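A.B. asks: Sharing a structure, written as structure tokens. Questions coming.
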Amino acid sequence: MKRINVMNREIKTMLVNGVDYVCITDIARQKNPVEPKDVVKNWMRSKNTIEYLGLWEMLNNPNFKGVEFDPFLKEAGSHSFTMSPSRWIEETGAIGLISKNGVNGGTFAQYDIAVKFASWVSVEFELYLVKEFQRLKAAEQAQLGWSLRRELSKINYHIHTDAIKQNLIPATLTKQQMSMVYANEADVLNVALFGFTAKEWRDAHADLQGNVRDYATVNQLICLSNMESLNSVLIKEGLPQPERLQKLNQIAISQMTVLESIGENKLLK
């Protein structure tokens with residue numbers, strides 16, 4: 001569950017089966033801070049609301065109970081008609097609304113429905129909600145892109161270490177000696193791309209956790225991933241380490257120049 005701030009109000013959001021939901025109880029506090037659930041119920045008394053909710057379910061929910069929906073549509077808008085989120089969900093099998101109990105509870109609505117409700121509460125609030133939600137999704141996309149590049153880097157790391165094992169490590173070496181070779185080859189990439197070894201980075205950043213790659217940019221991780229694959233090829237071709245370092249440095253300069261000219265945001269779209 002995440003939170004966004006809209007016009008100085010905290011709005012909860014959550015992802016359910018890949019679908020974004022927004023807490024309309026939080027939105028309702030814009031109109032009635034004391035009894036926001038009553039605002040939601042009043043909204044659901046409207047014929048337009050019931051018609052919209054029913055249509056959304058028909059388009060998105062194969063298990064929607066249309067037979068139970070029809071009487072609600074006929075009665076909606078009359079003085080005697082009342083509707084609550086829990087009743088709507090229970091009697092129609094709706095998935096566009098979700099009722100949650102507890103500290104982080106409330107009525108959550110699928111994003112399109114939540115925007116519809118927000119426009120009913122306040123057009124201004126709706127506009128700010130859409131803007132802030134778009135900002136949240138852009139931030140999530142950027143984080144996802146970074147994570148994917150980091151995972152790709154890990155996969156290529158295994159390819160890289162396998163090439164080292166098969167071509168640079170004699171069978172008689174101890175495990176400790178083998179780890180020294182791995183570390184040494186990893187530093188070939190570090191020096192080629194970052195300009196320093198892992199130890200030099202740790203000595204200069206004693207206050208930070210992890211290693212230099214944990215603080216790399218998306219572009220650097222893309223370049224590093226490519227270099228790991230290329231270095232594994234160069235190792236198999238038998239090139240000495242100094243020659244590989246020189247080639248990898250030239251490749252790093254070339255690739256980073258291109259990547260930086262494109263920009264991370266464009267790469268993540």
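Ordering of the structure tokens sets the chain letters (A, B, ...), residue numbers begin anew at 1 in every chain, and ligands are numbered from 1 in the order given.
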Applying 10 Å and only C-alpha atoms, which residues near Val130 in chain A remain after dropping the ones on its own chain fewer than 6 positions away? List them as a PyMOL selection string.

C.D. replies: chain A and resi 6+111-112+114-115+118+136

A.B. asks: As an mmCIF file with N, CA, C and O atoms, in the first residue's frame, please: the residues near Cys223 in chain A (cut-off 10 Å, only C-alpha atoms, same-chain neighbours under 3 positions excluded).

C.D. replies:
```
data_model
loop_
_atom_site.group_PDB
_atom_site.id
_atom_site.type_symbol
_atom_site.label_atom_id
_atom_site.label_comp_id
_atom_site.auth_asym_id
_atom_site.auth_seq_id
_atom_site.Cartn_x
_atom_site.Cartn_y
_atom_site.Cartn_z
ATOM 1 N N ARG A 149 17.375 -3.393 -14.689
ATOM 2 C CA ARG A 149 18.762 -3.278 -15.137
ATOM 3 C C ARG A 149 19.703 -3.925 -14.126
ATOM 4 O O ARG A 149 20.685 -4.548 -14.494
ATOM 5 N N SER A 153 22.134 -7.066 -14.781
ATOM 6 C CA SER A 153 23.550 -7.021 -14.434
ATOM 7 C C SER A 153 23.956 -8.269 -13.657
ATOM 8 O O SER A 153 25.029 -8.832 -13.869
ATOM 9 N N LEU A 193 34.964 1.157 -16.197
ATOM 10 C CA LEU A 193 33.752 1.986 -16.201
ATOM 11 C C LEU A 193 33.815 3.140 -15.211
ATOM 12 O O LEU A 193 33.539 4.291 -15.559
ATOM 13 N N THR A 217 24.132 4.476 -11.705
ATOM 14 C CA THR A 217 22.950 4.965 -12.410
ATOM 15 C C THR A 217 22.426 3.877 -13.334
ATOM 16 O O THR A 217 23.104 2.867 -13.584
ATOM 17 N N VAL A 218 21.226 4.079 -13.870
ATOM 18 C CA VAL A 218 20.667 3.115 -14.818
ATOM 19 C C VAL A 218 21.579 2.971 -16.025
ATOM 20 O O VAL A 218 21.860 1.857 -16.488
ATOM 21 N N ASN A 219 22.077 4.085 -16.545
ATOM 22 C CA ASN A 219 22.962 4.030 -17.704
ATOM 23 C C ASN A 219 24.240 3.259 -17.405
ATOM 24 O O ASN A 219 24.728 2.492 -18.235
ATOM 25 N N GLN A 220 24.795 3.464 -16.219
ATOM 26 C CA GLN A 220 26.009 2.733 -15.842
ATOM 27 C C GLN A 220 25.738 1.234 -15.725
ATOM 28 O O GLN A 220 26.576 0.417 -16.110
ATOM 29 N N ASN A 226 26.541 -4.824 -20.442
ATOM 30 C CA ASN A 226 27.132 -5.085 -21.756
ATOM 31 C C ASN A 226 28.601 -5.469 -21.644
ATOM 32 O O ASN A 226 29.081 -6.379 -22.336
ATOM 33 N N MET A 227 29.317 -4.784 -20.772
ATOM 34 C CA MET A 227 30.753 -5.039 -20.606
ATOM 35 C C MET A 227 31.023 -6.418 -20.033
ATOM 36 O O MET A 227 32.006 -7.071 -20.386
ATOM 37 N N GLU A 228 30.165 -6.890 -19.136
ATOM 38 C CA GLU A 228 30.350 -8.232 -18.575
ATOM 39 C C GLU A 228 30.250 -9.289 -19.667
ATOM 40 O O GLU A 228 31.028 -10.251 -19.693
ATOM 41 N N ILE A 251 35.187 0.906 -24.817
ATOM 42 C CA ILE A 251 33.774 0.561 -25.006
ATOM 43 C C ILE A 251 32.903 1.322 -24.011
ATOM 44 O O ILE A 251 31.836 1.843 -24.358
ATOM 45 N N ALA A 252 33.371 1.402 -22.765
ATOM 46 C CA ALA A 252 32.613 2.107 -21.721
ATOM 47 C C ALA A 252 32.439 3.571 -22.081
ATOM 48 O O ALA A 252 31.342 4.138 -21.941
ATOM 49 N N ILE A 253 33.508 4.210 -22.560
ATOM 50 C CA ILE A 253 33.443 5.624 -22.940
ATOM 51 C C ILE A 253 32.445 5.811 -24.080
ATOM 52 O O ILE A 253 31.599 6.715 -24.056
ATOM 53 N N SER A 254 32.525 4.930 -25.083
ATOM 54 C CA SER A 254 31.640 5.023 -26.246
ATOM 55 C C SER A 254 30.183 4.816 -25.861
ATOM 56 O O SER A 254 29.303 5.604 -26.246
ATOM 57 N N GLN A 255 29.906 3.762 -25.074
ATOM 58 C CA GLN A 255 28.520 3.445 -24.711
ATOM 59 C C GLN A 255 27.930 4.490 -23.780
ATOM 60 O O GLN A 255 26.760 4.886 -23.937
ATOM 61 N N MET A 256 28.697 4.956 -22.807
ATOM 62 C CA MET A 256 28.173 5.951 -21.873
ATOM 63 C C MET A 256 27.887 7.276 -22.588
ATOM 64 O O MET A 256 26.933 7.983 -22.244
ATOM 65 N N LEU A 259 24.531 6.590 -24.262
ATOM 66 C CA LEU A 259 23.452 6.452 -23.279
ATOM 67 C C LEU A 259 23.109 7.781 -22.628
ATOM 68 O O LEU A 259 21.935 8.100 -22.426
#
```

A.B. asks: Compare A:Asp207, A:Trp201, A:Leu189, A:Ser84 by their minimum atom-to-atom distance to Asn231 in chain A, counting only C-alpha atoms, and give me the closest one.

C.D. replies: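 Using only C-alpha atoms, Asn231 in chain A sits closest to A:Leu189.
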
A.B. asks: Take CA of Phe64 in chain A and CA of Thr25 in chain A and report the distance between them in Å, one decimal.

C.D. replies: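 One can read the CA of Phe64 in chain A to CA of Thr25 in chain A distance as 23.3 Å.
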
A.B. asks: Skip Glu200 in chain A itself and residues of its chain fewer than 4 positions away, then list as a ChimeraX atom specification all residues within 12 Å of it, counting only C-alpha atoms.

C.D. replies: /A:187,190-191,194-196,204-206,211-212

A.B. asks: With N, CA and C atoms retained, write the just-selected residues as a tab-separated table (two decimals), in the first residue's frame.

C.D. replies:
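This is the output file part-v3.tsv:
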```
chain	number	residue	atom	x	y	z
A	187	ASP	N	37.16	-6.11	-10.84
A	187	ASP	CA	37.78	-4.80	-10.79
A	187	ASP	C	38.23	-4.32	-12.16
A	190	ASN	N	35.23	-2.57	-13.07
A	190	ASN	CA	35.09	-1.37	-12.24
A	190	ASN	C	36.01	-0.24	-12.70
A	191	VAL	N	37.26	-0.60	-12.97
A	191	VAL	CA	38.24	0.41	-13.41
A	191	VAL	C	37.88	0.93	-14.79
A	194	PHE	N	34.18	2.82	-13.95
A	194	PHE	CA	34.11	3.84	-12.89
A	194	PHE	C	35.44	4.57	-12.67
A	195	GLY	N	36.55	3.91	-13.06
A	195	GLY	CA	37.85	4.53	-12.88
A	195	GLY	C	38.54	4.19	-11.58
A	196	PHE	N	37.97	3.22	-10.81
A	196	PHE	CA	38.60	2.81	-9.55
A	196	PHE	C	38.17	1.39	-9.21
A	204	ALA	N	36.85	5.20	0.04
A	204	ALA	CA	36.41	6.59	-0.13
A	204	ALA	C	34.98	6.81	0.36
A	205	HIS	N	34.22	5.71	0.57
A	205	HIS	CA	32.83	5.82	0.99
A	205	HIS	C	32.55	4.87	2.16
A	206	ALA	N	33.33	5.01	3.20
A	206	ALA	CA	33.21	4.13	4.36
A	206	ALA	C	31.86	4.23	5.05
A	211	ASN	N	28.15	-1.90	-2.36
A	211	ASN	CA	29.31	-1.66	-3.20
A	211	ASN	C	28.99	-0.61	-4.25
A	212	VAL	N	29.97	-0.28	-5.06
A	212	VAL	CA	29.82	0.79	-6.03
A	212	VAL	C	28.67	0.53	-6.99
```

A.B. asks: Interatomic distance between CA of Phe81 in chain A and CA of Arg45 in chain A?

C.D. replies: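 About the pair CA of Phe81 in chain A and CA of Arg45 in chain A: they are 6.3 Å apart.
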
A.B. asks: Nearest residue to Arg244 in chain A out of A:Gly96, A:Glu185, A:Lys47, A:Met58, using only C-alpha atoms?

C.D. replies: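 Distance minimum relative to Arg244 in chain A lands on A:Glu185.
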
A.B. asks: I'd like the neighbourhood of range 27-34 of chain A as a ChimeraX atom specification, where a residue qualifies if any of its atoms comes within 7 Å (using only C-alpha atoms), though same-chain residues fewer than 4 positions away should be ignored.

C.D. replies: /A:11,23,39-40,118,121

A.B. asks: With a distance cut-off of 9 Å and only C-alpha atoms, select the neighbouring residues of Asn104 in chain A, excluding the residue or stretch itself and same-chain residues fewer than 2 positions from it, and output the selection as a count of residues only.

C.D. replies: 6
